[in-house]
$ cat start_27.csv   # CSV, C-alpha atoms and all ligand atoms
chain,number,residue,atom,x,y,z
X,138,GLY,CA,89.9,133.0,119.5
X,139,CYS,CA,89.3,129.4,118.3
X,140,GLY,CA,92.5,128.4,116.5
X,141,GLU,CA,90.8,126.2,113.9
X,142,PRO,CA,89.2,128.3,111.2
X,143,ALA,CA,92.2,130.4,110.3
X,144,TYR,CA,93.8,127.4,108.7
X,145,ILE,CA,91.0,126.4,106.4
X,146,LYS,CA,90.3,130.0,105.5
X,147,LEU,CA,93.8,130.2,104.1
X,148,VAL,CA,93.4,126.9,102.2
X,149,THR,CA,90.1,128.2,100.6
X,150,GLN,CA,91.8,131.5,99.7
X,151,LEU,CA,94.3,129.5,97.7
X,152,TYR,CA,92.2,126.7,96.3
X,153,GLY,CA,88.6,127.4,97.1
X,154,ASP,CA,87.5,127.7,93.5
X,155,ARG,CA,88.4,124.1,92.8
X,156,MET,CA,88.3,122.5,96.2
X,157,MET,CA,86.4,119.6,97.7
X,158,ILE,CA,86.2,119.1,101.5
X,159,ALA,CA,85.3,116.1,103.5
X,160,ASN,CA,84.8,117.3,107.1
X,161,ALA,CA,84.9,115.0,110.1
X,162,THR,CA,82.2,115.7,112.7
X,163,GLY,CA,83.6,118.0,115.3
X,164,CYS,CA,83.9,121.7,115.9
X,165,SER,CA,85.0,122.2,112.3
X,166,SER,CA,81.8,120.6,111.0
X,167,ILE,CA,79.8,122.9,113.4
X,168,TRP,CA,81.4,126.2,112.5
X,169,GLY,CA,81.8,124.9,109.0
X,170,GLY,CA,78.3,123.8,108.2
X,171,SER,CA,75.5,124.5,110.7
X,172,ALA,CA,72.4,125.3,108.8
X,173,PRO,CA,71.2,127.9,107.9
X,174,THR,CA,74.7,129.5,107.8
X,175,THR,CA,78.0,128.6,106.3
X,176,PRO,CA,81.3,130.4,106.5
X,177,TYR,CA,82.3,129.1,103.0
X,178,THR,CA,81.6,131.3,100.1
X,179,VAL,CA,82.1,131.7,96.3
X,180,ASN,CA,84.4,134.0,94.3
X,181,HIS,CA,83.5,136.5,91.6
X,182,GLU,CA,83.0,133.6,89.2
X,183,GLY,CA,80.6,131.9,91.6
X,184,LYS,CA,83.1,129.1,92.4
X,185,GLY,CA,83.6,127.9,95.9
X,186,PRO,CA,84.5,124.8,97.8
X,187,ALA,CA,82.2,121.8,97.7
X,188,TRP,CA,81.8,120.7,101.3
X,189,ALA,CA,80.2,117.6,102.9
X,190,ASN,CA,80.2,115.9,106.3
X,191,SER,CA,79.7,112.2,106.6
X,192,LEU,CA,80.5,110.7,110.0
X,193,PHE,CA,83.1,111.3,112.8
X,194,GLU,CA,84.6,107.9,112.3
X,195,ASP,CA,84.8,107.5,108.5
X,196,ASN,CA,85.9,110.9,107.3
X,197,ALA,CA,89.2,109.9,105.7
X,198,GLU,CA,87.5,107.1,103.7
X,199,PHE,CA,84.7,109.5,102.8
X,200,GLY,CA,87.1,112.1,101.4
X,201,TYR,CA,89.0,109.3,99.6
X,202,GLY,CA,85.8,108.2,98.0
X,203,MET,CA,85.2,111.8,96.8
X,204,TYR,CA,88.7,111.7,95.3
X,205,LEU,CA,88.3,108.3,93.6
X,206,GLY,CA,84.9,109.3,92.1
X,207,VAL,CA,86.4,112.4,90.6
X,208,LYS,CA,89.5,110.5,89.4
X,209,GLN,CA,87.3,108.0,87.6
X,210,ILE,CA,85.3,110.7,85.9
X,211,ARG,CA,88.4,112.6,84.8
X,212,ASN,CA,90.0,109.4,83.4
X,213,LYS,CA,86.9,108.8,81.4
X,214,ILE,CA,87.2,112.4,80.1
X,215,LYS,CA,90.8,111.6,79.1
X,216,GLU,CA,89.7,108.4,77.3
X,217,ASP,CA,86.9,110.2,75.4
X,218,MET,CA,89.4,112.9,74.3
X,219,GLN,CA,91.9,110.3,73.2
X,220,GLU,CA,89.2,108.6,71.1
X,221,LEU,CA,88.2,112.0,69.6
X,222,ILE,CA,91.8,112.9,68.8
X,223,SER,CA,92.0,109.7,66.7
X,224,MET,CA,88.9,110.7,64.6
X,225,PRO,CA,89.4,112.7,61.4
X,226,GLU,CA,86.1,114.7,62.0
X,227,ALA,CA,87.4,115.9,65.4
X,228,SER,CA,90.9,116.7,64.2
X,229,SER,CA,90.5,120.4,64.8
X,230,PHE,CA,90.3,119.8,68.5
X,231,LYS,CA,93.5,117.8,68.6
X,232,ASP,CA,95.7,120.5,70.1
X,233,VAL,CA,93.1,121.6,72.7
X,234,PHE,CA,92.5,118.0,73.9
X,235,GLU,CA,96.2,117.1,73.9
X,236,ASN,CA,96.9,120.3,75.9
X,237,TRP,CA,94.3,119.4,78.5
X,238,ILE,CA,95.6,115.8,78.8
X,239,ALA,CA,99.1,117.1,79.3
X,240,ASN,CA,97.9,119.5,82.1
X,241,MET,CA,95.0,117.6,83.6
X,242,ASN,CA,96.8,117.0,86.9
X,243,ASN,CA,98.2,120.5,87.3
X,244,GLY,CA,95.8,122.7,89.2
X,245,GLU,CA,96.5,126.1,87.7
X,246,ALA,CA,97.4,124.9,84.2
X,247,SER,CA,94.3,122.7,84.1
X,248,LYS,CA,92.2,125.9,84.5
X,249,GLU,CA,93.5,127.4,81.3
X,250,ALA,CA,93.4,124.1,79.4
X,251,SER,CA,89.8,123.5,80.5
X,252,LYS,CA,88.7,127.0,79.4
X,253,LYS,CA,89.9,126.1,75.9
X,254,VAL,CA,88.2,122.7,76.0
X,255,ILE,CA,84.9,124.3,77.0
X,256,GLU,CA,85.1,126.9,74.1
X,257,ALA,CA,85.9,124.1,71.7
X,258,ILE,CA,83.1,121.7,72.7
X,259,GLU,CA,80.5,124.5,72.9
X,260,THR,CA,81.1,125.3,69.2
X,261,CYS,CA,81.4,121.7,67.9
X,262,ASN,CA,78.7,120.3,65.6
X,263,CYS,CA,79.9,116.8,64.8
X,264,ASP,CA,77.8,113.7,64.0
X,265,GLY,CA,77.6,110.1,65.1
X,266,ARG,CA,80.2,108.8,67.6
X,267,ALA,CA,82.1,112.1,67.7
X,268,LYS,CA,78.8,113.9,68.7
X,269,GLU,CA,78.2,111.3,71.4
X,270,LEU,CA,81.7,111.8,72.9
X,271,ILE,CA,81.4,115.6,72.8
X,272,GLU,CA,78.0,115.3,74.6
X,273,CYS,CA,79.8,113.2,77.3
X,274,LEU,CA,82.4,115.9,77.7
X,275,ARG,CA,79.8,118.6,77.9
X,276,GLU,CA,78.0,116.7,80.7
X,277,LYS,CA,81.3,116.4,82.6
X,278,LYS,CA,82.6,119.9,82.1
X,279,ASP,CA,82.6,120.6,85.9
X,280,TYR,CA,85.3,118.0,86.3
X,281,LEU,CA,87.7,119.5,83.7
X,282,VAL,CA,89.6,121.6,86.2
X,283,LYS,CA,91.7,119.5,88.6
X,284,LYS,CA,90.1,119.3,92.0
X,285,SER,CA,92.0,120.0,95.2
X,286,GLN,CA,90.8,117.2,97.6
X,287,TRP,CA,90.9,118.1,101.3
X,288,ILE,CA,90.0,115.9,104.3
X,289,VAL,CA,89.7,117.9,107.5
X,290,GLY,CA,88.9,117.3,111.1
X,291,GLY,CA,90.1,117.4,114.7
X,292,ASP,CA,92.6,115.3,116.6
X,293,GLY,CA,89.8,113.1,118.2
X,294,TRP,CA,89.1,112.0,114.6
X,295,ALA,CA,92.6,111.9,113.2
X,296,TYR,CA,94.6,110.5,116.1
X,297,ASP,CA,91.9,108.2,117.6
X,298,ILE,CA,88.6,107.3,116.2
X,299,GLY,CA,89.3,107.9,112.5
X,300,TYR,CA,93.0,106.8,112.6
X,301,GLY,CA,92.5,103.5,110.9
X,302,GLY,CA,90.9,105.2,107.9
X,303,LEU,CA,93.4,108.1,107.9
X,304,ASP,CA,96.3,105.6,107.9
X,305,HIS,CA,94.6,103.7,105.0
X,306,VAL,CA,94.2,106.8,102.9
X,307,LEU,CA,97.8,108.0,103.6
X,308,ALA,CA,99.1,104.6,102.6
X,309,SER,CA,97.1,104.8,99.3
X,310,GLY,CA,99.7,107.0,97.6
X,311,GLU,CA,96.9,109.0,96.1
X,312,ASP,CA,96.8,112.8,95.6
X,313,ILE,CA,94.8,113.8,98.7
X,314,ASN,CA,95.4,116.5,101.4
X,315,VAL,CA,94.6,116.0,105.1
X,316,LEU,CA,94.4,118.9,107.5
X,317,VAL,CA,94.1,118.2,111.2
X,318,PHE,CA,93.0,120.9,113.7
X,319,ASP,CA,95.0,119.8,116.7
X,320,THR,CA,93.3,121.1,119.8
X,321,GLU,CA,94.7,118.2,121.8
X,322,ILE,CA,91.2,117.2,123.0
X,323,TYR,CA,87.8,116.3,121.6
X,324,SER,CA,86.7,119.9,121.7
X,325,ASN,CA,83.2,119.7,120.3
X,326,THR,CA,81.9,117.3,123.0
X,327,GLY,CA,83.4,119.2,125.9
X,328,GLY,CA,87.1,118.4,126.0
X,329,GLN,CA,87.7,114.7,126.3
X,330,ALA,CA,91.3,113.4,126.2
X,331,SER,CA,92.5,112.1,122.8
X,332,LYS,CA,95.8,110.4,121.9
X,333,SER,CA,97.0,113.9,121.0
X,334,THR,CA,96.5,115.2,124.6
X,335,PRO,CA,100.0,115.6,126.1
X,336,VAL,CA,101.0,114.1,129.4
X,337,ALA,CA,100.0,116.2,132.4
X,338,ALA,CA,97.1,118.0,130.7
X,339,MET,CA,93.8,117.8,132.5
X,340,ALA,CA,90.9,116.7,130.2
X,341,LYS,CA,87.7,114.7,130.6
X,342,PHE,CA,88.7,111.0,131.1
X,343,ALA,CA,92.1,112.4,132.4
X,344,ALA,CA,90.8,114.5,135.3
X,345,ALA,CA,94.0,114.0,137.3
X,346,GLY,CA,96.2,114.8,134.3
X,347,LYS,CA,96.9,112.6,131.3
X,348,ARG,CA,99.5,109.9,132.2
X,349,SER,CA,100.6,108.9,128.8
X,350,LYS,CA,102.6,110.6,126.1
X,351,LYS,CA,101.1,112.5,123.1
X,352,LYS,CA,101.2,110.4,120.0
X,353,ASP,CA,103.5,111.7,117.3
X,354,LEU,CA,101.1,111.4,114.3
X,355,GLY,CA,103.4,113.2,112.0
X,356,MET,CA,106.3,110.8,112.6
X,357,MET,CA,103.9,107.8,112.0
X,358,ALA,CA,103.0,109.3,108.6
X,359,ILE,CA,106.6,110.1,107.8
X,360,SER,CA,107.5,106.5,108.2
X,361,TYR,CA,105.8,105.8,104.8
X,362,GLY,CA,108.4,107.9,103.1
X,363,ASN,CA,106.0,109.1,100.3
X,364,VAL,CA,103.7,111.1,102.5
X,365,TYR,CA,104.1,114.9,102.7
X,366,VAL,CA,103.9,115.9,106.4
X,367,ALA,CA,104.0,119.3,108.1
X,368,GLN,CA,103.4,120.6,111.6
X,369,VAL,CA,102.3,124.2,111.6
X,370,GLY,CA,101.2,127.0,113.9
X,371,MET,CA,99.5,130.0,112.4
X,372,GLY,CA,100.4,132.4,115.2
X,373,ALA,CA,104.0,131.2,115.3
X,374,ASP,CA,104.9,131.4,111.7
X,375,LYS,CA,102.3,132.2,109.1
X,376,ASN,CA,104.7,132.0,106.2
X,377,GLN,CA,105.6,128.5,107.2
X,378,VAL,CA,101.9,127.6,107.2
X,379,LEU,CA,101.5,129.0,103.7
X,380,LYS,CA,104.6,127.1,102.5
X,381,ALA,CA,103.2,123.9,104.0
X,382,ILE,CA,99.8,124.3,102.4
X,383,ARG,CA,101.3,125.1,99.0
X,384,GLU,CA,103.7,122.2,99.1
X,385,ALA,CA,101.1,119.8,100.4
X,386,GLU,CA,98.7,120.8,97.6
X,387,GLU,CA,101.3,120.6,94.9
X,388,TYR,CA,102.6,117.2,96.1
X,389,ASP,CA,101.3,114.5,93.8
X,390,GLY,CA,100.6,112.1,96.6
X,391,PRO,CA,99.1,112.0,100.1
X,392,SER,CA,99.8,115.0,102.4
X,393,LEU,CA,99.1,115.6,106.1
X,394,ILE,CA,99.2,118.9,107.8
X,395,ILE,CA,98.9,119.0,111.6
X,396,ALA,CA,97.9,122.5,112.8
X,397,TYR,CA,98.1,123.7,116.4
X,398,ALA,CA,94.8,125.1,117.4
X,399,PRO,CA,94.2,126.7,120.8
X,400,CYS,CA,90.7,126.0,122.2
X,401,ILE,CA,88.5,127.6,124.8
X,402,SER,CA,88.8,124.4,126.8
X,403,HIS,CA,92.5,125.0,127.3
X,404,GLY,CA,91.6,127.8,129.7
X,405,LEU,CA,94.1,130.4,128.5
X,406,LYS,CA,94.6,132.8,131.4
X,407,GLU,CA,95.4,135.6,129.0
X,408,GLY,CA,92.0,135.0,127.4
X,409,MET,CA,91.0,133.7,123.9
X,410,GLY,CA,91.8,137.1,122.4
X,411,ARG,CA,95.4,136.1,122.8
X,412,SER,CA,95.2,132.7,121.2
X,413,THR,CA,97.3,133.7,118.2
X,414,ALA,CA,100.1,134.8,120.6
X,415,ASN,CA,99.6,131.6,122.5
X,416,GLN,CA,100.6,129.7,119.4
X,417,ALA,CA,103.8,131.7,119.1
X,418,GLN,CA,104.6,131.0,122.8
X,419,ALA,CA,104.0,127.3,122.2
X,420,VAL,CA,106.7,127.2,119.6
X,421,ALA,CA,109.1,129.6,121.4
X,422,CYS,CA,109.1,127.4,124.6
X,423,GLY,CA,109.4,124.1,122.7
X,424,TYR,CA,105.9,122.9,123.4
X,425,TRP,CA,104.9,122.7,119.7
X,426,HIS,CA,107.3,122.1,116.8
X,427,LEU,CA,107.2,123.4,113.2
X,428,TYR,CA,108.6,121.2,110.5
X,429,ARG,CA,108.0,120.0,106.9
X,430,TYR,CA,108.8,116.6,105.4
X,431,ASN,CA,108.7,116.8,101.6
X,432,PRO,CA,109.3,113.5,99.7
X,433,VAL,CA,110.0,115.5,96.6
X,434,LEU,CA,113.3,116.6,98.2
X,435,LYS,CA,114.2,113.0,98.8
X,436,GLU,CA,113.8,112.3,95.1
X,437,GLN,CA,116.2,115.1,94.4
X,438,GLY,CA,118.8,113.6,96.7
X,439,LYS,CA,118.2,116.2,99.4
X,440,ASN,CA,117.1,115.8,103.0
X,441,PRO,CA,113.3,115.7,103.0
X,442,PHE,CA,113.0,117.0,106.6
X,443,THR,CA,113.1,120.7,107.3
X,444,LEU,CA,112.9,121.8,110.9
X,445,ASP,CA,111.3,125.3,110.9
X,446,SER,CA,111.2,125.8,114.7
X,447,LYS,CA,114.2,127.5,116.3
X,448,GLU,CA,115.8,126.2,119.5
X,449,PRO,CA,113.3,127.0,122.3
X,450,THR,CA,114.1,130.2,124.2
X,451,GLU,CA,111.1,130.7,126.5
X,452,SER,CA,110.0,129.0,129.7
X,453,PHE,CA,108.2,125.7,129.1
X,454,ARG,CA,106.7,125.8,132.6
X,455,ASP,CA,105.4,129.4,132.2
X,456,PHE,CA,103.6,128.3,129.1
X,457,LEU,CA,101.9,125.4,131.0
X,458,MET,CA,101.0,127.6,133.9
X,459,GLY,CA,99.3,130.0,131.6
X,460,GLN,CA,96.6,127.5,130.9
X,461,VAL,CA,94.0,126.1,133.3
X,462,ARG,CA,94.3,122.6,131.8
X,463,TYR,CA,97.8,122.4,133.3
X,464,SER,CA,97.7,124.8,136.3
X,465,ALA,CA,94.7,123.1,137.8
X,466,ILE,CA,96.8,119.9,138.2
X,467,ALA,CA,99.3,121.9,140.4
X,468,LYS,CA,96.4,123.0,142.6
X,469,GLN,CA,94.4,119.8,142.8
X,470,PHE,CA,97.1,117.1,142.6
X,471,PRO,CA,100.2,118.8,144.0
X,472,ASP,CA,101.7,115.4,144.9
X,473,VAL,CA,102.1,114.4,141.2
X,474,ALA,CA,102.1,117.7,139.5
X,475,GLU,CA,105.8,118.3,139.5
X,476,GLU,CA,106.5,114.9,138.1
X,477,LEU,CA,103.9,115.3,135.4
X,478,PHE,CA,105.1,118.7,134.3
X,479,ASN,CA,108.7,117.5,134.2
X,480,LEU,CA,107.6,114.6,132.0
X,481,ALA,CA,105.7,116.9,129.7
X,482,GLU,CA,108.9,119.0,129.2
X,483,GLU,CA,111.0,116.0,128.8
X,484,TYR,CA,108.8,114.5,126.1
X,485,SER,CA,108.6,117.8,124.2
X,486,LYS,CA,112.4,118.0,124.4
X,487,GLU,CA,112.7,114.4,123.1
X,488,ARG,CA,110.5,115.3,120.2
X,489,TYR,CA,112.5,118.3,119.3
X,490,GLU,CA,115.8,116.4,119.6
X,491,ASN,CA,114.4,113.7,117.3
X,492,TYR,CA,113.3,116.4,114.7
X,493,LYS,CA,116.7,118.0,115.0
X,494,ARG,CA,118.4,114.7,114.3
X,495,LEU,CA,116.3,114.2,111.2
X,496,ALA,CA,117.0,117.8,110.0
X,497,ASN,CA,120.7,117.3,110.4
X,498,GLN,CA,120.9,114.0,108.6
X,499,GLY,CA,121.1,115.8,105.2
M,1,LIG,C1,81.0,107.4,116.3
M,1,LIG,C2,80.8,108.7,117.0
M,1,LIG,N1,81.2,108.8,118.3
M,1,LIG,C3,81.0,110.0,118.9
M,1,LIG,C4,80.5,111.1,118.3
M,1,LIG,C5,80.2,112.4,119.0
M,1,LIG,N2,81.2,113.3,118.6
M,1,LIG,C6,80.9,114.3,117.7
M,1,LIG,S1,82.2,115.4,117.4
M,1,LIG,C7,83.1,114.6,118.6
M,1,LIG,C8,84.5,115.1,119.0
M,1,LIG,C9,85.3,115.6,117.9
M,1,LIG,O1,86.6,115.9,118.4
M,1,LIG,P1,87.8,116.2,117.4
M,1,LIG,O2,87.8,115.2,116.3
M,1,LIG,O3,89.0,116.4,118.2
M,1,LIG,O4,87.4,117.6,116.8
M,1,LIG,P2,87.2,119.0,117.5
M,1,LIG,O5,85.8,119.1,118.0
M,1,LIG,O6,88.2,119.1,118.6
M,1,LIG,O7,87.5,120.0,116.4
M,1,LIG,C10,82.4,113.5,119.1
M,1,LIG,C11,83.0,112.6,120.2
M,1,LIG,C12,80.1,110.9,116.9
M,1,LIG,N3,79.6,111.9,116.2
M,1,LIG,N4,80.3,109.7,116.3
$ encode --input "start_27.csv" --output "structure tokens"
Amino acid sequence: GCGEPAYIKLVTQLYGDRMMIANATGCSSIWGGSAPTTPYTVNHEGKGPAWANSLFEDNAEFGYGMYLGVKQIRNKIKEDMQELISMPEASSFKDVFENWIANMNNGEASKEASKKVIEAIETCNCDGRAKELIECLREKKDYLVKKSQWIVGGDGWAYDIGYGGLDHVLASGEDINVLVFDTEIYSNTGGQASKSTPVAAMAKFAAAGKRSKKKDLGMMAISYGNVYVAQVGMGADKNQVLKAIREAEEYDGPSLIIAYAPCISHGLKEGMGRSTANQAQAVACGYWHLYRYNPVLKEQGKNPFTLDSKEPTESFRDFLMGQVRYSAIAKQFPDVAEELFNLAEEYSKERYENYKRLANQG
């Protein structure tokens, strides 16, 4: 019932054959890469995601480094091709190389263009400088297809410990994609409160209920104007998740997807077998909000903000009471419980109103 893996499974189904993942330490690095097993796999061509985990605190920078390394190599490929294009002895490759250069930053188109380059360089028997350059291209052929760079981790990483790095990478303007599994706690180490934990929720270091508001990470990223941002919930609207992943990947700049993920530490009274339904309830009661902010729309003179959540219809309080992290507050701290639950509802409403205002600005 863990809410995290469904998101990355979908991303790998879309882009796994050309994907690189930097994974922050956390549950996702445990279910994602505990030797001797791995849930990641390859397709019929033997291509699958390249995955690595550095540290809990530097994952955004780590993924950014992967991206910059690949960018540098691919720019060198482009320069080598440009030099070859200018050589009379390599003139027969002109079209193939020009086609690759024109499509090098388009994921799908670069696949076709790269196939043609590989065929061409396999058959080439030039001499001198041209031969040298062709050799360089052969060595780098794994980099011909455009990579899809993903940086993934939990809210403890993204909202708290790794936030400085995440902010730096989002501010870079580079073509990277960040996926945050938002369990609203540090799940892997037993459920400590993070800046994503909402007010009233019981967590370690917030044993009497968290007293401060959940940070709105998405709005902070939106403030840059050129960052694609989405909040999603698989069990609430899987089509919206798919749209967000596609738009984020296609956007030629930084993207941030914040994904609601129920966790065993939430203490769902219905049981973890109902965690998908729990995501739908979270949206229906206005606890979690679905939206997409796409800077491309702004360039087209349209409103970049799309609110995908409908007006809440279900009981917010019932949603809280269905989870031990909230209901335990009512039992153990009855003097403050009412006030905290009211605050939680008020803050969620405020967030929804704010998103509505942005959506109606068009
Ligand atoms: C600098 C540092 N501090 C603490 C830890 C221990 N640690 C490993 S994973 C983790 C929690 C991860 O929480 P989160 O980022 O929310 O991911 P989740 O487990 O919820 O998916 C912590 C504290 C660490 N690895 N490195």
$ residues_around --input "start_27.csv" --residues "region 446-449 of chain X" --least-positions-apart "3" --cutoff "10 Å" --atoms "only C-alpha atoms" --output "PyMOL selection string"
chain X and resi 368-369+373-374+377+418-428+443+452-453+486+489-490+492-493
$ closest_residue --input "start_27.csv" --among "X:Gly410, X:Glu311, X:Val378, X:Ala337" --to "Glu476 (chain X)" --atoms "all atoms listed in the file"
X:Ala337
$ residues_around --input "start_27.csv" --residues "region 495-499 of chain X" --least-positions-apart "6" --cutoff "10 Å" --atoms "all atoms listed in the file" --output "list in words"
Tyr428, Arg429, Tyr430, Lys435, Gly438, Lys439, Asn440, Pro441, Phe442, Thr443, Leu444, Asp445 and Tyr489 of chain X
$ closest_atom_pairs --input "start_27.csv" --of "chain X" --to "ligand LIG 1 (chain M)" --cutoff "10 Å" --atoms "only C-alpha atoms and all ligand atoms" --output "JSON lines"
{"residue": "X:Cys139", "atom": "CA", "partner": "M:LIG1", "partner_atom": "O7", "distance": 9.8}
{"residue": "X:Gly140", "atom": "CA", "partner": "M:LIG1", "partner_atom": "O7", "distance": 9.8}
{"residue": "X:Glu141", "atom": "CA", "partner": "M:LIG1", "partner_atom": "O7", "distance": 7.5}
{"residue": "X:Pro142", "atom": "CA", "partner": "M:LIG1", "partner_atom": "O7", "distance": 9.9}
{"residue": "X:Asn160", "atom": "CA", "partner": "M:LIG1", "partner_atom": "O2", "distance": 9.9}
{"residue": "X:Ala161", "atom": "CA", "partner": "M:LIG1", "partner_atom": "O2", "distance": 6.8}
{"residue": "X:Thr162", "atom": "CA", "partner": "M:LIG1", "partner_atom": "S1", "distance": 4.7}
{"residue": "X:Gly163", "atom": "CA", "partner": "M:LIG1", "partner_atom": "S1", "distance": 3.6}
{"residue": "X:Cys164", "atom": "CA", "partner": "M:LIG1", "partner_atom": "O5", "distance": 3.8}
{"residue": "X:Ser165", "atom": "CA", "partner": "M:LIG1", "partner_atom": "O7", "distance": 5.3}
{"residue": "X:Ser166", "atom": "CA", "partner": "M:LIG1", "partner_atom": "O7", "distance": 7.9}
{"residue": "X:Ile167", "atom": "CA", "partner": "M:LIG1", "partner_atom": "O5", "distance": 8.5}
{"residue": "X:Trp168", "atom": "CA", "partner": "M:LIG1", "partner_atom": "O7", "distance": 9.5}
{"residue": "X:Ser191", "atom": "CA", "partner": "M:LIG1", "partner_atom": "N3", "distance": 9.6}
{"residue": "X:Leu192", "atom": "CA", "partner": "M:LIG1", "partner_atom": "N3", "distance": 6.4}
{"residue": "X:Phe193", "atom": "CA", "partner": "M:LIG1", "partner_atom": "N4", "distance": 4.8}
{"residue": "X:Glu194", "atom": "CA", "partner": "M:LIG1", "partner_atom": "C1", "distance": 5.4}
{"residue": "X:Asp195", "atom": "CA", "partner": "M:LIG1", "partner_atom": "C1", "distance": 8.7}
{"residue": "X:Val289", "atom": "CA", "partner": "M:LIG1", "partner_atom": "O2", "distance": 9.4}
{"residue": "X:Gly290", "atom": "CA", "partner": "M:LIG1", "partner_atom": "O2", "distance": 5.7}
{"residue": "X:Gly291", "atom": "CA", "partner": "M:LIG1", "partner_atom": "O4", "distance": 3.4}
{"residue": "X:Asp292", "atom": "CA", "partner": "M:LIG1", "partner_atom": "O3", "distance": 4.1}
{"residue": "X:Gly293", "atom": "CA", "partner": "M:LIG1", "partner_atom": "O3", "distance": 3.4}
{"residue": "X:Trp294", "atom": "CA", "partner": "M:LIG1", "partner_atom": "O2", "distance": 3.8}
{"residue": "X:Ala295", "atom": "CA", "partner": "M:LIG1", "partner_atom": "O2", "distance": 6.6}
{"residue": "X:Tyr296", "atom": "CA", "partner": "M:LIG1", "partner_atom": "O2", "distance": 8.3}
{"residue": "X:Asp297", "atom": "CA", "partner": "M:LIG1", "partner_atom": "O2", "distance": 8.2}
{"residue": "X:Ile298", "atom": "CA", "partner": "M:LIG1", "partner_atom": "C1", "distance": 7.6}
{"residue": "X:Gly299", "atom": "CA", "partner": "M:LIG1", "partner_atom": "O2", "distance": 8.4}
{"residue": "X:Val317", "atom": "CA", "partner": "M:LIG1", "partner_atom": "O7", "distance": 8.6}
{"residue": "X:Phe318", "atom": "CA", "partner": "M:LIG1", "partner_atom": "O7", "distance": 6.2}
{"residue": "X:Asp319", "atom": "CA", "partner": "M:LIG1", "partner_atom": "O3", "distance": 7.1}
{"residue": "X:Thr320", "atom": "CA", "partner": "M:LIG1", "partner_atom": "O6", "distance": 5.6}
{"residue": "X:Glu321", "atom": "CA", "partner": "M:LIG1", "partner_atom": "O3", "distance": 7.0}
{"residue": "X:Ile322", "atom": "CA", "partner": "M:LIG1", "partner_atom": "O3", "distance": 5.3}
{"residue": "X:Tyr323", "atom": "CA", "partner": "M:LIG1", "partner_atom": "O1", "distance": 3.4}
{"residue": "X:Ser324", "atom": "CA", "partner": "M:LIG1", "partner_atom": "O6", "distance": 3.5}
{"residue": "X:Asn325", "atom": "CA", "partner": "M:LIG1", "partner_atom": "O5", "distance": 3.5}
{"residue": "X:Thr326", "atom": "CA", "partner": "M:LIG1", "partner_atom": "C8", "distance": 5.3}
{"residue": "X:Gly327", "atom": "CA", "partner": "M:LIG1", "partner_atom": "C8", "distance": 8.1}
{"residue": "X:Gly328", "atom": "CA", "partner": "M:LIG1", "partner_atom": "O6", "distance": 7.5}
{"residue": "X:Gln329", "atom": "CA", "partner": "M:LIG1", "partner_atom": "C8", "distance": 8.0}
{"residue": "X:Ala330", "atom": "CA", "partner": "M:LIG1", "partner_atom": "O3", "distance": 8.8}
{"residue": "X:Ser331", "atom": "CA", "partner": "M:LIG1", "partner_atom": "O3", "distance": 7.2}
{"residue": "X:Lys332", "atom": "CA", "partner": "M:LIG1", "partner_atom": "O3", "distance": 9.8}
{"residue": "X:Ser333", "atom": "CA", "partner": "M:LIG1", "partner_atom": "O3", "distance": 8.8}
{"residue": "X:Thr334", "atom": "CA", "partner": "M:LIG1", "partner_atom": "O3", "distance": 9.9}
{"residue": "X:Ala398", "atom": "CA", "partner": "M:LIG1", "partner_atom": "O7", "distance": 9.0}
{"residue": "X:Pro399", "atom": "CA", "partner": "M:LIG1", "partner_atom": "O6", "distance": 9.9}
{"residue": "X:Cys400", "atom": "CA", "partner": "M:LIG1", "partner_atom": "O6", "distance": 8.2}
{"residue": "X:Ser402", "atom": "CA", "partner": "M:LIG1", "partner_atom": "O6", "distance": 9.8}
$ atom_distance --input "start_27.csv" --atom1 "CA of Leu393 (chain X)" --atom2 "CA of His305 (chain X)"
12.8 Å
$ residues_around --input "start_27.csv" --residues "Glu249 (chain X)" --least-positions-apart "5" --cutoff "9 Å" --atoms "all atoms listed in the file" --output "list in words"
Trp237, Val254 and Val282 of chain X
$ residues_around --input "start_27.csv" --residues "Ala338 (chain X)" --least-positions-apart "2" --cutoff "12 Å" --atoms "all atoms listed in the file" --output "VMD selection string"
chain X and resid 320 to 322 328 to 336 340 to 351 402 to 404 457 to 458 460 to 467 470 474 477 to 478 480 to 482
$ residues_around --input "start_27.csv" --residues "Glu256 (chain X)" --least-positions-apart "6" --cutoff "12 Å" --atoms "all atoms listed in the file" --output "ChimeraX atom specification"
/X:230,233-234,249-250,271,274-275,278
